[in-house]
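Student: The following file, start-v5.txt, comprises compact mmCIF, N, CA and C atoms:
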```
# COMPACT_ATOMS: atom_id res chain seq x y z
N THR A 1406 389.24 102.27 28.41
CA THR A 1406 390.20 103.34 28.58
C THR A 1406 389.49 104.69 28.54
N LEU A 1407 390.17 105.71 28.98
CA LEU A 1407 389.59 107.04 28.96
C LEU A 1407 389.32 107.51 27.53
N LYS A 1408 390.18 107.11 26.61
CA LYS A 1408 389.99 107.48 25.20
C LYS A 1408 388.68 106.90 24.66
N GLU A 1409 388.42 105.63 24.97
CA GLU A 1409 387.16 105.01 24.53
C GLU A 1409 385.97 105.73 25.14
N TYR A 1410 386.09 106.10 26.41
CA TYR A 1410 385.00 106.76 27.12
C TYR A 1410 384.68 108.10 26.48
N THR A 1411 385.69 108.87 26.13
CA THR A 1411 385.43 110.19 25.53
C THR A 1411 384.92 110.06 24.11
N GLN A 1412 385.27 109.00 23.41
CA GLN A 1412 384.78 108.81 22.05
C GLN A 1412 383.30 108.43 22.02
N MET A 1413 382.76 107.98 23.15
CA MET A 1413 381.34 107.64 23.21
C MET A 1413 380.48 108.87 22.98
N ASP A 1414 380.99 110.05 23.30
CA ASP A 1414 380.22 111.28 23.09
C ASP A 1414 379.89 111.50 21.63
N ARG A 1415 380.66 110.89 20.76
CA ARG A 1415 380.44 111.09 19.33
C ARG A 1415 379.30 110.24 18.78
N ALA A 1416 378.89 109.22 19.54
CA ALA A 1416 377.79 108.36 19.09
C ALA A 1416 376.47 109.09 19.31
N GLU A 1417 375.83 109.47 18.22
CA GLU A 1417 374.59 110.23 18.33
C GLU A 1417 373.36 109.36 18.17
N GLU A 1418 373.53 108.13 17.75
CA GLU A 1418 372.41 107.24 17.54
C GLU A 1418 372.28 106.27 18.71
N ARG A 1419 371.05 105.90 18.97
CA ARG A 1419 370.83 104.89 19.99
C ARG A 1419 371.39 103.56 19.48
N ALA A 1420 371.86 102.77 20.43
CA ALA A 1420 372.44 101.48 20.08
C ALA A 1420 372.19 100.50 21.23
N PRO A 1421 372.27 99.21 20.96
CA PRO A 1421 372.14 98.24 22.05
C PRO A 1421 373.39 98.28 22.92
N LEU A 1422 373.18 98.32 24.22
CA LEU A 1422 374.29 98.46 25.15
C LEU A 1422 374.30 97.28 26.13
N ASP A 1423 375.48 96.81 26.43
CA ASP A 1423 375.69 95.71 27.36
C ASP A 1423 375.85 96.30 28.76
N MET A 1424 374.84 96.15 29.62
CA MET A 1424 374.86 96.76 30.94
C MET A 1424 376.02 96.27 31.82
N PRO A 1425 376.28 94.95 31.92
CA PRO A 1425 377.42 94.53 32.72
C PRO A 1425 378.75 95.12 32.23
N ALA A 1426 378.92 95.19 30.91
CA ALA A 1426 380.15 95.78 30.37
C ALA A 1426 380.22 97.26 30.72
N GLY A 1427 379.09 97.95 30.66
CA GLY A 1427 379.06 99.37 31.01
C GLY A 1427 379.41 99.60 32.47
N LEU A 1428 378.87 98.75 33.35
CA LEU A 1428 379.20 98.88 34.78
C LEU A 1428 380.67 98.54 35.02
N GLY A 1429 381.16 97.52 34.32
CA GLY A 1429 382.58 97.18 34.45
C GLY A 1429 383.48 98.30 33.99
N HIS A 1430 383.07 98.96 32.92
CA HIS A 1430 383.85 100.08 32.40
C HIS A 1430 383.84 101.24 33.40
N ALA A 1431 382.70 101.54 33.97
CA ALA A 1431 382.62 102.62 34.96
C ALA A 1431 383.47 102.29 36.18
N LEU A 1432 383.46 101.03 36.62
CA LEU A 1432 384.30 100.63 37.74
C LEU A 1432 385.78 100.77 37.41
N SER A 1433 386.15 100.45 36.17
CA SER A 1433 387.56 100.58 35.80
C SER A 1433 387.99 102.04 35.79
N LEU A 1434 387.10 102.93 35.39
CA LEU A 1434 387.45 104.36 35.42
C LEU A 1434 387.63 104.86 36.85
N LEU A 1435 386.90 104.25 37.77
CA LEU A 1435 386.98 104.66 39.18
C LEU A 1435 388.00 103.85 39.97
N SER A 1436 388.75 102.98 39.31
CA SER A 1436 389.66 102.08 40.02
C SER A 1436 390.68 102.79 40.92
N PRO A 1437 391.23 103.95 40.53
CA PRO A 1437 392.16 104.60 41.48
C PRO A 1437 391.47 104.99 42.80
N ARG A 1438 390.25 105.46 42.70
CA ARG A 1438 389.52 105.84 43.92
C ARG A 1438 389.14 104.59 44.71
N LEU A 1439 388.75 103.55 44.01
CA LEU A 1439 388.40 102.30 44.69
C LEU A 1439 389.60 101.75 45.44
N ALA A 1440 390.77 101.83 44.85
CA ALA A 1440 391.98 101.32 45.49
C ALA A 1440 392.30 102.12 46.75
N ARG A 1441 392.12 103.43 46.70
CA ARG A 1441 392.39 104.27 47.88
C ARG A 1441 391.43 103.93 49.02
N TYR A 1442 390.21 103.57 48.70
CA TYR A 1442 389.21 103.28 49.72
C TYR A 1442 389.35 101.87 50.30
N ASN A 1443 390.13 101.02 49.65
CA ASN A 1443 390.32 99.65 50.11
C ASN A 1443 388.96 98.94 50.25
N LEU A 1444 388.17 99.02 49.21
CA LEU A 1444 386.83 98.45 49.21
C LEU A 1444 386.80 97.03 48.67
N ILE A 1445 385.82 96.30 49.11
CA ILE A 1445 385.51 95.01 48.50
C ILE A 1445 384.39 95.29 47.50
N ILE A 1446 384.62 94.93 46.24
CA ILE A 1446 383.64 95.15 45.19
C ILE A 1446 382.98 93.80 44.88
N GLU A 1447 381.67 93.75 45.04
CA GLU A 1447 380.92 92.54 44.70
C GLU A 1447 380.15 92.82 43.41
N GLN A 1448 380.39 92.00 42.41
CA GLN A 1448 379.68 92.14 41.14
C GLN A 1448 378.77 90.94 40.95
N ASP A 1449 377.51 91.21 40.66
CA ASP A 1449 376.53 90.15 40.48
C ASP A 1449 375.65 90.49 39.29
N PHE A 1450 375.98 89.93 38.14
CA PHE A 1450 375.23 90.20 36.92
C PHE A 1450 374.52 88.92 36.49
N ALA A 1451 373.22 89.02 36.29
CA ALA A 1451 372.44 87.87 35.83
C ALA A 1451 372.93 87.44 34.45
N GLN A 1452 372.85 86.16 34.20
CA GLN A 1452 373.24 85.62 32.89
C GLN A 1452 372.19 85.97 31.85
N GLY A 1453 372.61 86.20 30.63
CA GLY A 1453 371.69 86.40 29.52
C GLY A 1453 370.89 87.69 29.57
N LEU A 1454 371.47 88.73 30.14
CA LEU A 1454 370.75 90.01 30.19
C LEU A 1454 370.54 90.56 28.78
N PRO A 1455 369.35 91.08 28.51
CA PRO A 1455 369.13 91.69 27.19
C PRO A 1455 369.88 93.02 27.10
N ALA A 1456 370.15 93.41 25.89
CA ALA A 1456 370.80 94.72 25.68
C ALA A 1456 369.84 95.83 26.08
N VAL A 1457 370.39 96.94 26.49
CA VAL A 1457 369.62 98.13 26.81
C VAL A 1457 369.82 99.11 25.66
N TRP A 1458 368.73 99.58 25.08
CA TRP A 1458 368.83 100.52 23.97
C TRP A 1458 368.96 101.93 24.51
N GLY A 1459 369.98 102.64 24.05
CA GLY A 1459 370.17 104.01 24.51
C GLY A 1459 371.40 104.63 23.90
N TYR A 1460 371.77 105.75 24.45
CA TYR A 1460 372.94 106.50 24.02
C TYR A 1460 374.10 106.13 24.94
N ALA A 1461 375.14 105.55 24.38
CA ALA A 1461 376.25 105.01 25.16
C ALA A 1461 376.85 106.05 26.10
N ALA A 1462 377.12 107.24 25.61
CA ALA A 1462 377.77 108.26 26.45
C ALA A 1462 376.89 108.63 27.63
N ALA A 1463 375.60 108.78 27.40
CA ALA A 1463 374.69 109.16 28.48
C ALA A 1463 374.59 108.04 29.52
N LEU A 1464 374.48 106.80 29.05
CA LEU A 1464 374.37 105.69 29.98
C LEU A 1464 375.64 105.54 30.82
N HIS A 1465 376.79 105.64 30.20
CA HIS A 1465 378.04 105.51 30.94
C HIS A 1465 378.22 106.65 31.94
N GLN A 1466 377.76 107.83 31.58
CA GLN A 1466 377.84 108.95 32.51
C GLN A 1466 376.95 108.69 33.72
N VAL A 1467 375.75 108.21 33.49
CA VAL A 1467 374.83 107.90 34.59
C VAL A 1467 375.42 106.82 35.50
N LEU A 1468 375.94 105.75 34.92
CA LEU A 1468 376.51 104.67 35.71
C LEU A 1468 377.70 105.16 36.54
N THR A 1469 378.56 105.96 35.93
CA THR A 1469 379.72 106.49 36.66
C THR A 1469 379.28 107.38 37.81
N LEU A 1470 378.30 108.24 37.57
CA LEU A 1470 377.81 109.12 38.63
C LEU A 1470 377.14 108.34 39.75
N LEU A 1471 376.39 107.31 39.41
CA LEU A 1471 375.77 106.47 40.45
C LEU A 1471 376.84 105.81 41.32
N LEU A 1472 377.88 105.30 40.69
CA LEU A 1472 378.95 104.67 41.46
C LEU A 1472 379.69 105.70 42.31
N GLU A 1473 379.91 106.89 41.77
CA GLU A 1473 380.56 107.94 42.56
C GLU A 1473 379.72 108.31 43.78
N ASN A 1474 378.41 108.39 43.60
CA ASN A 1474 377.52 108.69 44.73
C ASN A 1474 377.58 107.57 45.77
N ALA A 1475 377.63 106.33 45.32
CA ALA A 1475 377.74 105.21 46.25
C ALA A 1475 379.05 105.30 47.03
N LEU A 1476 380.13 105.64 46.36
CA LEU A 1476 381.42 105.79 47.04
C LEU A 1476 381.38 106.91 48.07
N ASP A 1477 380.70 107.98 47.74
CA ASP A 1477 380.59 109.10 48.68
C ASP A 1477 379.84 108.69 49.96
N ALA A 1478 378.96 107.71 49.85
CA ALA A 1478 378.17 107.27 51.00
C ALA A 1478 378.89 106.23 51.85
N LEU A 1479 380.00 105.71 51.37
CA LEU A 1479 380.74 104.67 52.09
C LEU A 1479 381.81 105.29 52.98
N PRO A 1480 382.27 104.53 53.98
CA PRO A 1480 383.39 105.02 54.79
C PRO A 1480 384.62 105.21 53.91
N THR A 1481 385.52 106.08 54.34
CA THR A 1481 386.70 106.37 53.52
C THR A 1481 387.71 105.23 53.51
N GLN A 1482 387.60 104.28 54.41
CA GLN A 1482 388.47 103.11 54.41
C GLN A 1482 387.65 101.87 54.71
N GLY A 1483 387.81 100.89 53.87
CA GLY A 1483 387.08 99.64 54.06
C GLY A 1483 385.65 99.78 53.59
N GLY A 1484 384.93 98.72 53.65
CA GLY A 1484 383.54 98.73 53.23
C GLY A 1484 383.33 97.80 52.05
N ARG A 1485 382.09 97.73 51.63
CA ARG A 1485 381.70 96.82 50.57
C ARG A 1485 380.77 97.56 49.62
N LEU A 1486 381.02 97.41 48.33
CA LEU A 1486 380.17 97.99 47.31
C LEU A 1486 379.66 96.87 46.42
N ALA A 1487 378.34 96.68 46.42
CA ALA A 1487 377.72 95.64 45.60
C ALA A 1487 377.16 96.29 44.34
N VAL A 1488 377.54 95.72 43.20
CA VAL A 1488 377.11 96.23 41.90
C VAL A 1488 376.51 95.05 41.14
N GLY A 1489 375.33 95.25 40.58
CA GLY A 1489 374.71 94.15 39.87
C GLY A 1489 373.69 94.62 38.87
N ALA A 1490 373.22 93.68 38.07
CA ALA A 1490 372.18 93.96 37.08
C ALA A 1490 371.32 92.73 36.93
N ARG A 1491 370.04 92.94 36.88
CA ARG A 1491 369.06 91.89 36.72
C ARG A 1491 368.03 92.32 35.68
N HIS A 1492 367.33 91.35 35.16
CA HIS A 1492 366.25 91.62 34.20
C HIS A 1492 364.94 91.12 34.79
N GLU A 1493 363.97 92.01 34.85
CA GLU A 1493 362.63 91.60 35.30
C GLU A 1493 361.65 91.95 34.19
N PRO A 1494 361.08 90.91 33.59
CA PRO A 1494 360.15 91.17 32.47
C PRO A 1494 358.87 91.89 32.91
```
Take the structure in the file and write it out as structure tokens.

Tutor:
Amino acid sequence: TLKEYTQMDRAEERAPLDMPAGLGHALSLLSPRLARYNLIIEQDFAQGLPAVWGYAAALHQVLTLLLENALDALPTQGGRLAVGARHEP
């Protein structure tokens, strides 16, 4: 929810973050725009991804901005947006 998203700003310490959950959260915040664009969203997250250590608010802001930039590059109607996460040691 938007309330959860704004409360992330209060977390000042680094913490382990779940990347697929973060991407899912960013997609949910953008869902009204996604619905208007009539996009097909493909999600591909590798199993067993390790946590990413960082600041939750900063990471979620980056993910949301990356998705917004991707939407800006797509046609205004139709199209496909692939979102995924992988781990490479």

Student: In terms of the shortest atom-to-atom distance over only C-alpha atoms, which of A:Gln1452, A:Glu1493, A:Leu1422, A:Val1488 is closest to Thr1469 of chain A?

Tutor: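 When distances to Thr1469 of chain A are compared using only C-alpha atoms, the smallest one comes from A:Val1488.
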
Student: Could you tell me which of A:Gly1489, A:Gln1466, A:Trp1458, A:Glu1473 comes closest to Pro1421 of chain A if we count only N, CA and C atoms?

Tutor: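 Using only N, CA and C atoms, Pro1421 of chain A sits closest to A:Trp1458.
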
Student: Using DSSP on the backbone, list every residue of segment 1444-1480 of chain A that comes out as strand (DSSP E), and give them as a list of chain:residue names.

Tutor: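 DSSP-assigned strand (DSSP E) residues in segment 1444-1480 of chain A: A:Ile1445, A:Ile1446, A:Glu1447, A:Gln1448, A:Asp1449, A:Phe1450, A:Val1457, A:Trp1458, A:Gly1459.
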
Student: Grab the atom CA of Ala1420 of chain A to atom CA of Leu1435 of chain A distance for me, in Å with one decimal place.

Tutor: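 Computed distance, atom CA of Ala1420 of chain A to atom CA of Leu1435 of chain A, equals 24.2 Å.
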
Student: When you count only N, CA and C atoms, which of these residues is closest to Arg1485 of chain A: A:Leu1428, A:Ile1445, A:Ala1462, A:Ala1451?

Tutor: A:Ile1445

Student: Interatomic distance between atom CA of Pro1425 of chain A and atom CA of Leu1470 of chain A?

Tutor: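 Straight-line distance from atom CA of Pro1425 of chain A to atom CA of Leu1470 of chain A works out to 15.7 Å.
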
Student: Compare A:Leu1444, A:Leu1471, A:Ala1478, A:Leu1454 by their minimum atom-to-atom distance to Ala1490 of chain A, counting all atoms listed in the file, and give me the closest one.

Tutor: A:Leu1454

Student: Could you work out how far atom CA of Gly1427 of chain A lies from atom N of Thr1481 of chain A, giving the answer in Å with one decimal?

Tutor: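 So the answer is 25.1 Å.
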
Student: From the options A:Val1457, A:Ile1446, A:Leu1432, A:Pro1480, which residue's atoms come nearest to Arg1419 of chain A, counting only N, CA and C atoms?

Tutor: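 The answer is A:Val1457, which sits nearest to Arg1419 of chain A.
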
Student: Of the candidates A:Glu1418, A:Leu1479, A:Ala1426, A:Pro1494, which shows the shortest atom-to-atom distance to Gly1459 of chain A, using all atoms listed in the file?

Tutor: A:Glu1418

Student: Could you model N, CA, C and O atoms for segment 1441-1453 of chain A and present them as a short mmCIF file (atom, residue, chain, number, x, y, z; two decimals), keeping the file's coordinate frame?

Tutor:
```cif
data_model
loop_
_atom_site.label_atom_id
_atom_site.label_comp_id
_atom_site.auth_asym_id
_atom_site.auth_seq_id
_atom_site.Cartn_x
_atom_site.Cartn_y
_atom_site.Cartn_z
N ARG A 1441 392.12 103.43 46.70
CA ARG A 1441 392.39 104.27 47.88
C ARG A 1441 391.43 103.93 49.02
O ARG A 1441 391.80 104.01 50.18
N TYR A 1442 390.21 103.57 48.70
CA TYR A 1442 389.21 103.28 49.72
C TYR A 1442 389.35 101.87 50.30
O TYR A 1442 388.72 101.55 51.29
N ASN A 1443 390.13 101.02 49.65
CA ASN A 1443 390.32 99.65 50.11
C ASN A 1443 388.96 98.94 50.25
O ASN A 1443 388.65 98.35 51.28
N LEU A 1444 388.17 99.02 49.21
CA LEU A 1444 386.83 98.45 49.21
C LEU A 1444 386.80 97.03 48.67
O LEU A 1444 387.63 96.65 47.85
N ILE A 1445 385.82 96.30 49.11
CA ILE A 1445 385.51 95.01 48.50
C ILE A 1445 384.39 95.29 47.50
O ILE A 1445 383.35 95.83 47.86
N ILE A 1446 384.62 94.93 46.24
CA ILE A 1446 383.64 95.15 45.19
C ILE A 1446 382.98 93.80 44.88
O ILE A 1446 383.67 92.84 44.53
N GLU A 1447 381.67 93.75 45.04
CA GLU A 1447 380.92 92.54 44.70
C GLU A 1447 380.15 92.82 43.41
O GLU A 1447 379.37 93.76 43.35
N GLN A 1448 380.39 92.00 42.41
CA GLN A 1448 379.68 92.14 41.14
C GLN A 1448 378.77 90.94 40.95
O GLN A 1448 379.22 89.80 41.06
N ASP A 1449 377.51 91.21 40.66
CA ASP A 1449 376.53 90.15 40.48
C ASP A 1449 375.65 90.49 39.29
O ASP A 1449 374.70 91.27 39.41
N PHE A 1450 375.98 89.93 38.14
CA PHE A 1450 375.23 90.20 36.92
C PHE A 1450 374.52 88.92 36.49
O PHE A 1450 375.14 87.87 36.36
N ALA A 1451 373.22 89.02 36.29
CA ALA A 1451 372.44 87.87 35.83
C ALA A 1451 372.93 87.44 34.45
O ALA A 1451 373.37 88.26 33.65
N GLN A 1452 372.85 86.16 34.20
CA GLN A 1452 373.24 85.62 32.89
C GLN A 1452 372.19 85.97 31.85
O GLN A 1452 370.99 86.02 32.15
N GLY A 1453 372.61 86.20 30.63
CA GLY A 1453 371.69 86.40 29.52
C GLY A 1453 370.89 87.69 29.57
O GLY A 1453 369.75 87.73 29.10
#
```
